[in-house]
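**Q** File query_13.txt follows (compact mmCIF, C-alpha atoms):
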```
# COMPACT_ATOMS: atom_id res chain seq x y z
CA PRO A 1 29.29 14.59 -65.94
CA GLU A 2 30.46 16.31 -69.12
CA GLY A 3 30.36 20.13 -69.29
CA ILE A 4 30.98 20.59 -65.60
CA LYS A 5 34.53 21.10 -64.54
CA GLU A 6 35.36 20.61 -60.88
CA GLU A 7 38.54 21.23 -59.05
CA LYS A 8 40.19 18.01 -58.13
CA GLY A 9 39.23 16.88 -54.67
CA THR A 10 36.78 19.76 -54.03
CA SER A 11 33.01 19.47 -54.42
CA PRO A 12 30.66 22.46 -55.03
CA LEU A 13 29.28 22.05 -51.51
CA GLN A 14 32.76 22.14 -50.00
CA LYS A 15 33.64 25.30 -51.99
CA THR A 16 30.46 27.04 -50.75
CA LEU A 17 31.23 26.20 -47.18
CA GLN A 18 34.82 27.40 -47.54
CA GLU A 19 33.67 30.81 -48.84
CA LYS A 20 31.67 31.46 -45.64
CA GLU A 21 33.31 32.96 -42.61
CA PRO A 22 34.58 30.35 -40.20
CA VAL A 23 32.40 29.77 -37.21
CA GLN A 24 33.75 31.46 -34.15
CA ALA A 25 34.62 29.12 -31.28
CA ALA A 26 32.29 29.41 -28.34
CA PRO A 27 33.77 31.69 -25.72
CA ALA A 28 34.82 30.08 -22.48
CA LEU A 29 32.10 29.86 -19.92
CA ILE A 30 32.18 32.81 -17.59
CA GLN A 31 32.06 31.77 -13.97
CA LYS A 32 29.07 33.30 -12.28
CA LYS A 33 29.83 35.50 -9.36
CA LYS A 34 28.64 33.93 -6.13
CA ILE A 35 26.24 36.12 -4.27
CA ALA A 36 26.12 35.75 -0.53
CA PRO A 37 22.63 34.76 0.64
CA SER A 38 20.67 37.38 2.46
CA ALA A 39 19.77 37.01 6.10
CA ALA A 40 16.20 36.15 5.08
CA GLU A 41 17.38 33.37 2.75
CA GLU A 42 19.65 31.90 5.38
CA GLY A 43 16.68 31.56 7.73
CA ARG A 44 14.62 29.45 5.33
CA ALA A 45 16.22 26.20 6.49
CA THR A 46 17.98 24.94 9.57
CA ARG A 47 20.35 21.99 9.62
CA LYS A 48 20.55 19.89 12.77
CA LYS A 49 22.38 16.71 13.58
CA MET A 50 20.22 13.66 14.15
CA THR A 51 20.37 12.37 17.69
CA PRO A 52 22.09 8.99 18.20
CA LEU A 53 18.70 7.48 19.02
CA ARG A 54 17.11 8.85 15.86
CA ARG A 55 20.02 7.59 13.72
CA LYS A 56 19.73 4.14 15.26
CA ILE A 57 15.96 4.02 14.72
CA SER A 58 16.32 5.23 11.13
CA GLN A 59 18.83 2.51 10.29
CA HIS A 60 16.67 -0.05 12.04
CA LEU A 61 13.63 0.86 9.92
CA VAL A 62 15.62 0.98 6.68
CA ASN A 63 16.98 -2.50 7.40
CA ALA A 64 13.41 -3.74 7.84
CA GLN A 65 12.43 -2.43 4.40
CA GLN A 66 15.48 -3.92 2.74
CA THR A 67 15.39 -7.41 4.24
CA ALA A 68 11.74 -8.36 4.82
CA ALA A 69 8.95 -9.14 2.36
CA ILE A 70 6.56 -6.62 3.88
CA LEU A 71 2.81 -6.84 3.36
CA THR A 72 -0.12 -5.28 5.24
CA THR A 73 -3.66 -6.56 5.68
CA PHE A 74 -6.61 -4.63 7.15
CA ASN A 75 -9.84 -5.17 9.01
CA GLU A 76 -12.17 -3.09 11.17
CA ALA A 77 -13.51 -3.58 14.66
CA ASP A 78 -16.72 -2.39 16.27
CA MET A 79 -15.57 -0.76 19.52
CA SER A 80 -19.07 -0.54 21.05
CA ALA A 81 -18.68 -3.43 23.49
CA VAL A 82 -15.25 -2.31 24.75
CA MET A 83 -16.44 1.26 25.19
CA LYS A 84 -19.54 0.10 27.06
CA LEU A 85 -17.53 -2.18 29.35
CA ARG A 86 -14.98 0.54 30.10
CA LYS A 87 -17.76 2.97 31.01
CA GLN A 88 -19.39 0.43 33.32
CA ILE A 89 -16.30 -0.49 35.33
CA GLN A 90 -14.00 2.53 34.93
CA GLU A 91 -14.81 4.10 38.30
CA ASP A 92 -14.31 0.87 40.25
CA PHE A 93 -11.22 0.00 38.21
CA VAL A 94 -9.53 3.31 39.04
CA ALA A 95 -10.52 3.08 42.70
CA LYS A 96 -9.06 -0.41 43.00
CA HIS A 97 -5.93 -0.13 40.83
CA GLY A 98 -5.15 3.59 40.72
CA VAL A 99 -4.92 3.64 36.93
CA LYS A 100 -7.48 4.08 34.16
CA LEU A 101 -8.68 1.22 32.00
CA GLY A 102 -7.69 2.15 28.45
CA PHE A 103 -8.15 0.51 25.08
CA MET A 104 -4.56 -0.73 24.79
CA SER A 105 -4.91 -3.38 27.50
CA PHE A 106 -7.81 -4.98 25.62
CA PHE A 107 -5.70 -5.26 22.48
CA CYS A 108 -2.68 -6.51 24.44
CA LYS A 109 -4.69 -9.29 26.04
CA ALA A 110 -6.38 -10.19 22.74
CA VAL A 111 -2.99 -10.32 21.00
CA ALA A 112 -1.58 -12.55 23.75
CA ILE A 113 -4.39 -15.07 23.24
CA VAL A 114 -4.25 -15.08 19.45
CA LEU A 115 -0.44 -15.35 19.29
CA LYS A 116 -0.74 -18.67 21.09
CA GLU A 117 -3.22 -19.83 18.47
CA ILE A 118 -1.10 -18.62 15.54
CA PRO A 119 2.50 -18.91 16.85
CA ILE A 120 4.17 -18.11 13.51
CA ILE A 121 3.26 -14.45 14.08
CA ASN A 122 5.18 -14.56 17.37
CA SER A 123 8.39 -15.61 15.63
CA GLU A 124 11.48 -14.30 13.88
CA ILE A 125 13.65 -15.40 10.97
CA ASP A 126 17.27 -16.27 11.68
CA GLY A 127 19.07 -17.16 8.47
CA SER A 128 17.33 -20.24 7.08
CA ASP A 129 15.56 -20.96 10.40
CA ILE A 130 12.38 -19.68 12.02
CA ILE A 131 12.53 -19.15 15.78
CA TYR A 132 9.18 -19.60 17.53
CA HIS A 133 9.07 -17.67 20.80
CA ASN A 134 7.59 -19.40 23.81
CA ARG A 135 7.09 -16.04 25.51
CA ILE A 136 4.84 -13.11 24.64
CA ASP A 137 6.69 -9.85 25.18
CA LEU A 138 4.83 -6.98 23.55
CA GLY A 139 6.53 -3.81 22.41
CA ILE A 140 4.34 -0.71 22.81
CA ALA A 141 5.32 2.07 20.40
CA LEU A 142 5.37 5.49 22.06
CA GLY A 143 6.06 8.94 20.68
CA ALA A 144 8.56 10.73 22.91
CA PRO A 145 10.46 14.03 22.72
CA GLN A 146 13.64 12.12 21.84
CA GLY A 147 11.93 10.05 19.12
CA LEU A 148 10.04 6.79 18.74
CA LEU A 149 10.42 4.44 21.71
CA VAL A 150 9.19 0.85 21.94
CA PRO A 151 9.37 -0.35 25.56
CA VAL A 152 8.38 -3.95 26.16
CA ILE A 153 5.75 -5.46 28.45
CA ARG A 154 7.07 -8.89 29.42
CA SER A 155 4.88 -12.01 29.66
CA VAL A 156 1.65 -10.21 28.80
CA ASP A 157 -0.23 -13.50 28.80
CA PHE A 158 0.39 -13.85 32.56
CA LYS A 159 -0.56 -10.28 33.47
CA SER A 160 -3.90 -8.76 34.39
CA PHE A 161 -5.54 -5.80 32.67
CA SER A 162 -4.52 -3.55 35.56
CA GLU A 163 -0.88 -4.69 35.39
CA VAL A 164 -0.76 -4.01 31.66
CA GLU A 165 -2.33 -0.57 32.09
CA GLN A 166 0.08 0.29 34.93
CA GLU A 167 3.11 -0.59 32.80
CA ILE A 168 1.81 1.41 29.85
CA TYR A 169 1.22 4.39 32.16
CA ASP A 170 4.71 4.08 33.62
CA PHE A 171 6.22 3.87 30.14
CA GLY A 172 4.44 7.10 29.21
CA VAL A 173 5.87 8.92 32.22
CA GLU A 174 9.37 7.55 31.68
CA SER A 175 9.34 8.37 27.97
CA LYS A 176 8.58 12.02 28.74
CA ASN A 177 11.37 12.39 31.29
CA GLY A 178 13.82 10.33 29.22
CA SER A 179 14.41 7.59 31.77
CA ILE A 180 13.50 4.56 29.65
CA THR A 181 16.52 2.27 29.33
CA SER A 182 17.71 0.17 26.40
CA ASP A 183 16.98 -2.97 28.43
CA GLN A 184 13.33 -1.94 28.63
CA MET A 185 13.20 -1.70 24.84
CA SER A 186 14.89 -4.99 23.98
CA GLY A 187 13.58 -8.51 23.52
CA GLY A 188 10.09 -7.80 22.21
CA THR A 189 8.45 -10.58 20.17
CA PHE A 190 5.56 -8.51 18.72
CA THR A 191 4.72 -4.81 18.60
CA ILE A 192 1.56 -2.73 18.84
CA THR A 193 1.47 0.86 17.60
CA ASN A 194 -1.45 3.24 18.01
CA GLY A 195 -1.52 6.08 15.50
CA GLY A 196 -5.07 6.81 16.56
CA VAL A 197 -3.86 8.91 19.48
CA TYR A 198 -2.60 11.39 16.86
CA GLY A 199 -5.71 11.17 14.69
CA SER A 200 -4.59 8.57 12.15
CA MET A 201 -7.47 6.86 10.37
CA MET A 202 -5.40 4.22 8.58
CA SER A 203 -1.73 3.38 8.12
CA THR A 204 0.68 0.63 7.13
CA PRO A 205 2.95 0.23 10.16
CA ILE A 206 6.54 -0.79 9.48
CA LEU A 207 8.03 -3.94 10.98
CA ASN A 208 10.15 -3.80 14.11
CA PRO A 209 12.93 -6.29 13.21
CA PRO A 210 13.57 -9.09 13.87
CA GLN A 211 9.85 -9.49 14.64
CA THR A 212 7.66 -10.87 11.88
CA ALA A 213 4.58 -8.71 12.52
CA ILE A 214 3.23 -5.48 14.02
CA LEU A 215 -0.36 -4.48 14.82
CA GLY A 216 -1.49 -0.96 13.98
CA LEU A 217 -4.43 0.67 15.80
CA HIS A 218 -6.19 3.80 14.62
CA GLN A 219 -8.68 6.47 15.56
CA ILE A 220 -12.19 5.45 16.58
CA LYS A 221 -14.78 7.09 14.35
CA ASP A 222 -18.55 6.85 14.18
CA ARG A 223 -19.46 5.25 10.86
CA ALA A 224 -22.56 3.86 9.22
CA VAL A 225 -22.51 0.06 9.19
CA VAL A 226 -25.06 -2.51 8.09
CA GLU A 227 -26.14 -4.94 10.80
CA ASN A 228 -28.91 -7.47 10.26
CA GLY A 229 -30.09 -5.49 7.26
CA GLU A 230 -30.25 -2.20 9.15
CA ILE A 231 -27.96 0.81 8.92
CA LYS A 232 -26.54 1.76 12.29
CA ILE A 233 -24.00 4.32 13.50
CA LYS A 234 -21.20 2.61 15.41
CA PRO A 235 -17.76 3.53 16.76
CA MET A 236 -15.40 1.76 14.37
CA MET A 237 -11.63 1.34 14.27
CA TYR A 238 -9.49 0.20 11.36
CA VAL A 239 -6.82 -2.28 12.42
CA ALA A 240 -3.79 -3.21 10.33
CA LEU A 241 -1.30 -6.05 10.51
CA THR A 242 2.01 -5.62 8.73
CA TYR A 243 3.89 -8.89 8.46
CA ASP A 244 6.94 -10.53 6.92
CA HIS A 245 5.58 -12.66 4.10
CA ARG A 246 8.70 -14.83 4.19
CA ALA A 247 7.40 -16.39 7.41
CA VAL A 248 3.72 -15.49 7.67
CA SER A 249 1.22 -16.50 5.01
CA GLY A 250 -1.67 -14.30 3.92
CA LYS A 251 -4.14 -16.74 5.44
CA GLU A 252 -2.44 -16.59 8.83
CA ALA A 253 -2.27 -12.80 8.79
CA VAL A 254 -5.95 -12.39 7.85
CA LEU A 255 -7.03 -14.99 10.41
CA PHE A 256 -5.01 -13.21 13.10
CA LEU A 257 -6.85 -9.92 12.50
CA VAL A 258 -10.23 -11.64 12.36
CA LYS A 259 -9.59 -13.23 15.76
CA ILE A 260 -8.43 -9.90 17.23
CA LYS A 261 -11.61 -8.31 15.88
CA ASP A 262 -13.75 -11.05 17.44
CA PHE A 263 -12.20 -10.59 20.90
CA ILE A 264 -12.54 -6.80 20.76
CA GLU A 265 -16.18 -7.03 19.72
CA ASP A 266 -16.87 -9.52 22.53
CA PRO A 267 -14.29 -8.54 25.19
CA GLU A 268 -15.76 -10.67 27.96
CA ARG A 269 -14.44 -13.73 26.09
CA MET A 270 -10.92 -12.57 26.97
CA LEU A 271 -11.65 -13.23 30.63
CA ILE A 272 -11.78 -16.95 29.86
CA GLY A 273 -9.51 -16.84 26.80
CA SER A 274 -11.98 -18.53 24.46
```
Let me see the file written as structure tokens.
**A**
Amino acid sequence: PEGIKEEKGTSPLQKTLQEKEPVQAAPALIQKKKIAPSAAEEGRATRKKMTPLRRKISQHLVNAQQTAAILTTFNEADMSAVMKLRKQIQEDFVAKHGVKLGFMSFFCKAVAIVLKEIPIINSEIDGSDIIYHNRIDLGIALGAPQGLLVPVIRSVDFKSFSEVEQEIYDFGVESKNGSITSDQMSGGTFTITNGGVYGSMMSTPILNPPQTAILGLHQIKDRAVVENGEIKIKPMMYVALTYDHRAVSGKEAVLFLVKIKDFIEDPERMLIGS
């Protein structure tokens, strides 16, 4: 505009900025002096190598999460009948077989019956095929000093309650002294895990590949339930079935748990398998 004379190529704003002192460049970052941790700080954490067994189990479980379409369904079982039956025959059972009658054998025998009715749960996926097992070999998850162990009871459907209980007892002893072999932990077609022995009320057990399902048992707790319109206190257990949805449908998984519940609530039916 007229009346305002500007130096060629320099605006008023540029002239103002040029009159100010140039901005000093940021000094180079000063490297902080490393201070050696005190003895107290060094003791706040301890690093230990994972055992070969723990590393193998960890990789096994990670593979399950990465490859399977994992889903869990729940139900609850009234343990009154099983507890009553155990109390009635426990003394004679121990005298005859030399081992106590526990809860696990009831679930093992119930699972063996129901797996025959719903064979897809006793299967595994191999590429684009599904392999249906004609045997029922149940893995029993055990907590041991060296980590999680899952020894297998072979042909559970052909074994008695006392034989199942004896094998579970033997597994417990062997897991504590570290004598369980890899052969004893291979070839399972289905797994049962019991977090109830540690006080777990409910959990979502993780698959034991290549199996397509795992049954989770939990702590027995007295709870108020409605029966025939009346509120009663009963010993109840939550049961969970985690399954691979690529092979097992929701209907099959739910039906499996319902049938397990029915056998546990009427255990004498297991004697005839109906």
**Q** Record the distance separating CA of Lys87 in chain A and CA of Lys100 in chain A, expressed in Å with one decimal.
**A** 10.8 Å
**Q** What does the structure give for the distance between CA of Gly188 in chain A and CA of Asp137 in chain A, in Å to one decimal?
**A**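 Between CA of Gly188 in chain A and CA of Asp137 in chain A the gap is 5.0 Å.
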**Q** Once you count all atoms listed in the file, what closest atom pair and distance in Å to one decimal does each residue of range 172-226 of chain A within 9 Å of range 236-254 of chain A have, with rows by chain and rising residue number, as a tab-separated table?
**A**
```
residue	atom	partner	partner_atom	distance
A:Gly196	CA	A:Met237	CA	8.8
A:Met201	CA	A:Tyr238	CA	7.0
A:Met202	CA	A:Tyr238	CA	6.4
A:Ser203	CA	A:Ala240	CA	7.2
A:Thr204	CA	A:Thr242	CA	6.6
A:Pro205	CA	A:Thr242	CA	6.1
A:Ile206	CA	A:Thr242	CA	6.7
A:Leu207	CA	A:Thr242	CA	6.6
A:Gln211	CA	A:Asp244	CA	8.3
A:Thr212	CA	A:Asp244	CA	5.0
A:Ala213	CA	A:Tyr243	CA	4.1
A:Ile214	CA	A:Thr242	CA	5.4
A:Leu215	CA	A:Leu241	CA	4.7
A:Gly216	CA	A:Ala240	CA	4.9
A:Leu217	CA	A:Val239	CA	5.1
A:His218	CA	A:Tyr238	CA	5.9
A:Gln219	CA	A:Met237	CA	6.1
A:Ile220	CA	A:Met237	CA	4.7
A:Lys221	CA	A:Met236	CA	5.4
A:Asp222	CA	A:Met236	CA	6.0
A:Arg223	CA	A:Met236	CA	6.4
A:Val225	CA	A:Met236	CA	9.0
```
**Q** Can I get the selected residues back with C-alpha atoms, as a PDB file, in the coordinates of the input?
**A**
```
ATOM      1  CA  GLY A 196      -5.070   6.810  16.560  1.00  0.00           C
ATOM      2  CA  MET A 201      -7.470   6.860  10.370  1.00  0.00           C
ATOM      3  CA  MET A 202      -5.400   4.220   8.580  1.00  0.00           C
ATOM      4  CA  SER A 203      -1.730   3.380   8.120  1.00  0.00           C
ATOM      5  CA  THR A 204       0.680   0.630   7.130  1.00  0.00           C
ATOM      6  CA  PRO A 205       2.950   0.230  10.160  1.00  0.00           C
ATOM      7  CA  ILE A 206       6.540  -0.790   9.480  1.00  0.00           C
ATOM      8  CA  LEU A 207       8.030  -3.940  10.980  1.00  0.00           C
ATOM      9  CA  GLN A 211       9.850  -9.490  14.640  1.00  0.00           C
ATOM     10  CA  THR A 212       7.660 -10.870  11.880  1.00  0.00           C
ATOM     11  CA  ALA A 213       4.580  -8.710  12.520  1.00  0.00           C
ATOM     12  CA  ILE A 214       3.230  -5.480  14.020  1.00  0.00           C
ATOM     13  CA  LEU A 215      -0.360  -4.480  14.820  1.00  0.00           C
ATOM     14  CA  GLY A 216      -1.490  -0.960  13.980  1.00  0.00           C
ATOM     15  CA  LEU A 217      -4.430   0.670  15.800  1.00  0.00           C
ATOM     16  CA  HIS A 218      -6.190   3.800  14.620  1.00  0.00           C
ATOM     17  CA  GLN A 219      -8.680   6.470  15.560  1.00  0.00           C
ATOM     18  CA  ILE A 220     -12.190   5.450  16.580  1.00  0.00           C
ATOM     19  CA  LYS A 221     -14.780   7.090  14.350  1.00  0.00           C
ATOM     20  CA  ASP A 222     -18.550   6.850  14.180  1.00  0.00           C
ATOM     21  CA  ARG A 223     -19.460   5.250  10.860  1.00  0.00           C
ATOM     22  CA  VAL A 225     -22.510   0.060   9.190  1.00  0.00           C
TER      23      VAL A 225
END
```
**Q** Pick the closest to Tyr198 in chain A from A:Leu149, A:Val164, A:Leu142, A:Thr73: which is it, counting all atoms listed in the file?
**A**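 Comparing A:Leu149, A:Val164, A:Leu142, A:Thr73 against Tyr198 in chain A, the winner is A:Leu142.
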**Q** Can you work out the spacing between CA of Ala69 in chain A and CA of Phe256 in chain A in Å, to one decimal?
**A**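 Going from CA of Ala69 in chain A over to CA of Phe256 in chain A covers 18.1 Å.
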**Q** What lies within 10 Å of range 108-113 of chain A using only C-alpha atoms, ignoring chain neighbours under 5 positions off, as a ChimeraX atom specification?
**A** /A:103,118,122,135-140,153,155-161,164-165,190-192,215,256-257,259-264,267,269-271,273-274
**Q** From the options A:Ala144, A:Ile125, A:Ile131, A:Val197, which residue's atoms come nearest to Asn177 in chain A, counting all atoms listed in the file?
**A**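 Ranked by minimum distance to Asn177 in chain A, first place goes to A:Ala144.
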**Q** Got a moment to write range 183-206 of chain A out with N, CA and C atoms, as a short mmCIF file (atom, residue, chain, number, x, y, z; two decimals), in the first residue's frame?
**A**
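New file selection-v4.cif:
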```cif
data_model
loop_
_atom_site.label_atom_id
_atom_site.label_comp_id
_atom_site.auth_asym_id
_atom_site.auth_seq_id
_atom_site.Cartn_x
_atom_site.Cartn_y
_atom_site.Cartn_z
N ASP A 183 5.58 -91.33 29.26
CA ASP A 183 4.63 -92.31 28.70
C ASP A 183 3.32 -92.30 29.47
N GLN A 184 3.40 -92.08 30.78
CA GLN A 184 2.18 -92.03 31.59
C GLN A 184 1.34 -90.80 31.29
N MET A 185 1.95 -89.78 30.70
CA MET A 185 1.25 -88.53 30.44
C MET A 185 0.91 -88.33 28.96
N SER A 186 1.05 -89.36 28.17
CA SER A 186 0.78 -89.22 26.74
C SER A 186 -0.44 -90.04 26.34
N GLY A 187 -1.09 -89.61 25.26
CA GLY A 187 -2.18 -90.38 24.69
C GLY A 187 -3.55 -90.16 25.27
N GLY A 188 -3.73 -89.16 26.13
CA GLY A 188 -5.05 -88.90 26.70
C GLY A 188 -6.02 -88.41 25.63
N THR A 189 -7.29 -88.76 25.76
CA THR A 189 -8.31 -88.31 24.80
C THR A 189 -9.23 -87.25 25.39
N PHE A 190 -9.19 -87.08 26.71
CA PHE A 190 -10.03 -86.10 27.41
C PHE A 190 -9.37 -85.86 28.76
N THR A 191 -9.55 -84.67 29.31
CA THR A 191 -8.90 -84.34 30.58
C THR A 191 -9.91 -83.82 31.60
N ILE A 192 -9.64 -84.16 32.87
CA ILE A 192 -10.41 -83.63 33.99
C ILE A 192 -9.45 -82.90 34.92
N THR A 193 -9.80 -81.69 35.30
CA THR A 193 -8.99 -80.92 36.24
C THR A 193 -9.87 -80.48 37.40
N ASN A 194 -9.34 -80.54 38.60
CA ASN A 194 -10.12 -80.22 39.80
C ASN A 194 -9.47 -79.08 40.58
N GLY A 195 -9.88 -77.87 40.26
CA GLY A 195 -9.38 -76.71 41.01
C GLY A 195 -9.99 -76.59 42.38
N GLY A 196 -11.03 -77.39 42.64
CA GLY A 196 -11.69 -77.34 43.93
C GLY A 196 -10.81 -77.75 45.08
N VAL A 197 -9.80 -78.58 44.82
CA VAL A 197 -8.90 -79.01 45.89
C VAL A 197 -8.08 -77.84 46.41
N TYR A 198 -8.00 -76.75 45.63
CA TYR A 198 -7.27 -75.56 46.06
C TYR A 198 -8.21 -74.44 46.48
N GLY A 199 -9.53 -74.71 46.42
CA GLY A 199 -10.50 -73.71 46.84
C GLY A 199 -11.15 -72.93 45.72
N SER A 200 -10.93 -73.33 44.47
CA SER A 200 -11.51 -72.61 43.34
C SER A 200 -13.02 -72.81 43.28
N MET A 201 -13.75 -71.71 43.15
CA MET A 201 -15.21 -71.77 43.03
C MET A 201 -15.65 -71.94 41.59
N MET A 202 -14.90 -71.29 40.67
CA MET A 202 -15.26 -71.35 39.25
C MET A 202 -14.04 -70.97 38.42
N SER A 203 -13.89 -71.62 37.28
CA SER A 203 -12.76 -71.31 36.41
C SER A 203 -13.11 -71.68 34.98
N THR A 204 -12.25 -71.25 34.05
CA THR A 204 -12.39 -71.64 32.65
C THR A 204 -11.13 -72.43 32.29
N PRO A 205 -11.15 -73.74 32.47
CA PRO A 205 -9.95 -74.54 32.20
C PRO A 205 -9.51 -74.41 30.75
N ILE A 206 -8.21 -74.51 30.53
CA ILE A 206 -7.66 -74.38 29.18
C ILE A 206 -7.51 -75.77 28.57
#
```
